[in-house]
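Peer 1: Structure provided below as structure tokens; questions to follow.
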Amino acid sequence: GPSAEALAPLRAPHGVFGILGNHDDEHDMPAALERNGVDVLRDARTRVLVGGEPIDLVGIRFWTKRFADIEALTRDATGTVILLAHDPRRLTEAASLNIPLVLSGHTHGGQVVLPGLGAIAAQKFPIVAGIGRRGPSTLFVSRGVGTVYAPIRINCPPEVAVLTLQPMEPTNA
């Protein structure tokens, strides 16, 4: 509840959208977010028009991993697809589906990064902070403001990211 209330002031011309992470329940958290104006995409797609151009936002749950499930959500999309996937490992599926952009936040950029050892979480998850690429797809991982397990951050400052989409430059093919 308090987390969702903190997000209530968020406003955006085309809506405020969110997805659930692996520490979110499937009932209380989405209900609290929706009460506070966030449209939660749980294995769902929605379309927004930006400058007259369609953008299909596809939001998947942390547990949605199968290529066929993600493909089904993107099938017949006629706009530019942006995949909202809490787990940055979904970049693999996005690249196979030619999805140009994936927005994520699961690894918190490493939360605890020790000198000489690096990110502790990297033993289990690929740690990405900022931009990663695979084939035609670009991934952006926000470090966010939260913590997991230990309520600390070491050498990984909190981050609130504001992204501005711009049209791609035409290629001379």
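Every chain in the structure tokens has a letter given in the order shown (A, B, ...), and although residue numbers restart at 1 in each chain, ligands are simply numbered from 1 in the order shown.
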Name all residues at most 10 Å from Ala85 in chain A (count only C-alpha atoms; drop same-chain ones fewer than 6 positions away) and give them as a list in words.

Peer 2: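 Counting only the stated atoms, we get Gly18, Ile19, Leu20, Gly21, Asp43, Val58, Gly59, Ile60, Arg61, Phe62, Trp63, Thr64, Lys65, Leu91, Ala94, Val102, Leu103, Ser104, Gly105, His106, Leu139 and Val141 of chain A.
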
Peer 1: May I have the selected residues written with N, CA and C atoms, as a short mmCIF file (atom, residue, chain, number, x, y, z; two decimals), in the first residue's frame?

Peer 2:
```
data_model
loop_
_atom_site.label_atom_id
_atom_site.label_comp_id
_atom_site.auth_asym_id
_atom_site.auth_seq_id
_atom_site.Cartn_x
_atom_site.Cartn_y
_atom_site.Cartn_z
N GLY A 18 2.65 -0.21 -15.29
CA GLY A 18 3.57 -0.94 -14.45
C GLY A 18 3.45 -2.44 -14.67
N ILE A 19 4.45 -3.14 -14.18
CA ILE A 19 4.45 -4.60 -14.19
C ILE A 19 4.83 -5.08 -12.79
N LEU A 20 4.57 -6.33 -12.53
CA LEU A 20 4.90 -6.91 -11.23
C LEU A 20 6.27 -7.56 -11.27
N GLY A 21 6.93 -7.57 -10.14
CA GLY A 21 8.22 -8.24 -10.02
C GLY A 21 8.08 -9.52 -9.22
N ASP A 43 0.90 -9.93 -18.29
CA ASP A 43 0.80 -10.72 -19.52
C ASP A 43 -0.28 -10.11 -20.41
N VAL A 58 3.90 -4.15 -24.06
CA VAL A 58 3.63 -5.53 -23.67
C VAL A 58 4.26 -5.73 -22.29
N GLY A 59 3.42 -5.97 -21.29
CA GLY A 59 3.93 -6.18 -19.94
C GLY A 59 3.78 -7.64 -19.56
N ILE A 60 4.89 -8.23 -19.11
CA ILE A 60 4.84 -9.64 -18.69
C ILE A 60 5.18 -9.75 -17.21
N ARG A 61 4.62 -10.79 -16.61
CA ARG A 61 4.93 -11.08 -15.22
C ARG A 61 6.34 -11.64 -15.12
N PHE A 62 6.95 -11.57 -13.97
CA PHE A 62 8.30 -12.11 -13.77
C PHE A 62 8.35 -13.58 -14.17
N TRP A 63 7.29 -14.31 -13.90
CA TRP A 63 7.29 -15.76 -14.11
C TRP A 63 7.02 -16.14 -15.56
N THR A 64 6.68 -15.21 -16.42
CA THR A 64 6.43 -15.50 -17.83
C THR A 64 7.78 -15.53 -18.53
N LYS A 65 8.18 -16.73 -18.95
CA LYS A 65 9.52 -16.90 -19.52
C LYS A 65 9.51 -17.60 -20.87
N LEU A 91 15.62 -10.33 -22.49
CA LEU A 91 16.26 -9.75 -23.67
C LEU A 91 16.49 -10.81 -24.73
N ALA A 94 13.26 -11.20 -26.55
CA ALA A 94 12.98 -9.97 -27.29
C ALA A 94 13.81 -9.91 -28.56
N VAL A 102 13.42 -3.20 -24.48
CA VAL A 102 12.98 -3.89 -23.27
C VAL A 102 13.32 -2.99 -22.08
N LEU A 103 12.34 -2.76 -21.22
CA LEU A 103 12.57 -1.99 -20.00
C LEU A 103 12.45 -2.94 -18.81
N SER A 104 13.45 -2.89 -17.92
CA SER A 104 13.53 -3.84 -16.82
C SER A 104 14.05 -3.16 -15.57
N GLY A 105 14.13 -3.91 -14.49
CA GLY A 105 14.67 -3.36 -13.26
C GLY A 105 15.05 -4.42 -12.24
N HIS A 106 14.96 -5.69 -12.60
CA HIS A 106 15.09 -6.77 -11.63
C HIS A 106 16.38 -6.77 -10.82
N LEU A 139 18.11 -3.09 -24.23
CA LEU A 139 17.56 -3.28 -22.89
C LEU A 139 17.99 -2.11 -22.03
N VAL A 141 17.97 -1.23 -17.96
CA VAL A 141 17.68 -1.68 -16.60
C VAL A 141 17.87 -0.51 -15.65
#
```

Peer 1: Please provide as a list in words all residues within 12 Å of Met29 in chain A, with the sequence filter that same-chain residues fewer than 3 positions apart are discarded (counting only C-alpha atoms).

Peer 2: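 These residues fall inside the cut-off: Gly1, Pro2, Ser3, Ala4, Glu5, Gly18, Ile19, Leu20, Gly21, Asn22, His23, Asp24, Asp25, Glu26, Ala32, Leu33, Glu34, Arg35, Asn36, Val38, Asp39, Val40 and Arg42 of chain A.
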
Peer 1: Which of chain A end up as alpha helix (DSSP H) when DSSP is run on this backbone - answer as a list in words?

Peer 2: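 Everything in chain A that counts as alpha helix (DSSP H) is Pro2, Ser3, Ala4, Glu5, Ala6, Leu7, Asp28, Met29, Pro30, Ala31, Ala32, Leu33, Glu34, Arg35, Phe67, Ala68, Asp69, Ile70, Glu71, Ala72, Leu73, Thr74, Leu91, Thr92, Glu93, Ala94, Ala95 and Ser96 of chain A.
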
Peer 1: Excluding range 114-117 of chain A and residues on its chain fewer than 6 positions from it, collect all residues at most 12 Å away from it, counting only C-alpha atoms, and give them as a list in words.

Peer 2: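 These residues fall inside the cut-off: Gln123, Arg153, Ile154, Asn155 and Cys156 of chain A.
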
Peer 1: Let me see the file: selected residues, N, CA and C atoms, as a PDB file, in the first residue's frame.

Peer 2:
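Ended up saving to out21.pdb:
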```pdb
ATOM      1  N   GLN A 123      26.226 -13.716  -8.998  1.00  0.00           N
ATOM      2  CA  GLN A 123      26.409 -15.169  -8.881  1.00  0.00           C
ATOM      3  C   GLN A 123      25.187 -15.920  -9.367  1.00  0.00           C
ATOM      4  N   ARG A 153      22.126  -0.536   0.132  1.00  0.00           N
ATOM      5  CA  ARG A 153      22.718  -0.434  -1.198  1.00  0.00           C
ATOM      6  C   ARG A 153      24.163  -0.016  -0.986  1.00  0.00           C
ATOM      7  N   ILE A 154      25.088  -0.722  -1.633  1.00  0.00           N
ATOM      8  CA  ILE A 154      26.516  -0.404  -1.524  1.00  0.00           C
ATOM      9  C   ILE A 154      27.076  -0.246  -2.924  1.00  0.00           C
ATOM     10  N   ASN A 155      27.664   0.919  -3.207  1.00  0.00           N
ATOM     11  CA  ASN A 155      28.244   1.226  -4.521  1.00  0.00           C
ATOM     12  C   ASN A 155      27.247   1.045  -5.654  1.00  0.00           C
ATOM     13  N   CYS A 156      25.993   1.273  -5.356  1.00  0.00           N
ATOM     14  CA  CYS A 156      24.929   1.182  -6.349  1.00  0.00           C
ATOM     15  C   CYS A 156      23.848   2.179  -5.948  1.00  0.00           C
TER      16      CYS A 156
END
```

Peer 1: Would you pick out the contacts of Pro100 in chain A at 12 Å or less, using only C-alpha atoms, so that residues sharing its chain but fewer than 3 positions from it are not included, and give the list as an MDAnalysis selection string?

Peer 2: chainID A and resid 55:57 79:84 91:97 103 132:140 165 167:168

Peer 1: Go ahead and compute the interatomic distance for CA of Gly144 in chain A and CA of Ala77 in chain A, in Å to one decimal.

Peer 2: 29.0 Å

Peer 1: Point out the residue among A:Val145, A:Leu101, A:Arg90, A:Ala150 with the least atom-to-atom distance to Arg66 in chain A, counting only C-alpha atoms.

Peer 2: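 Ranked by minimum distance to Arg66 in chain A, first place goes to A:Arg90.
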
Peer 1: Rounded to one decimal in Å, what is the spacing between CA of Asp76 in chain A and CA of Glu53 in chain A?

Peer 2: 16.0 Å
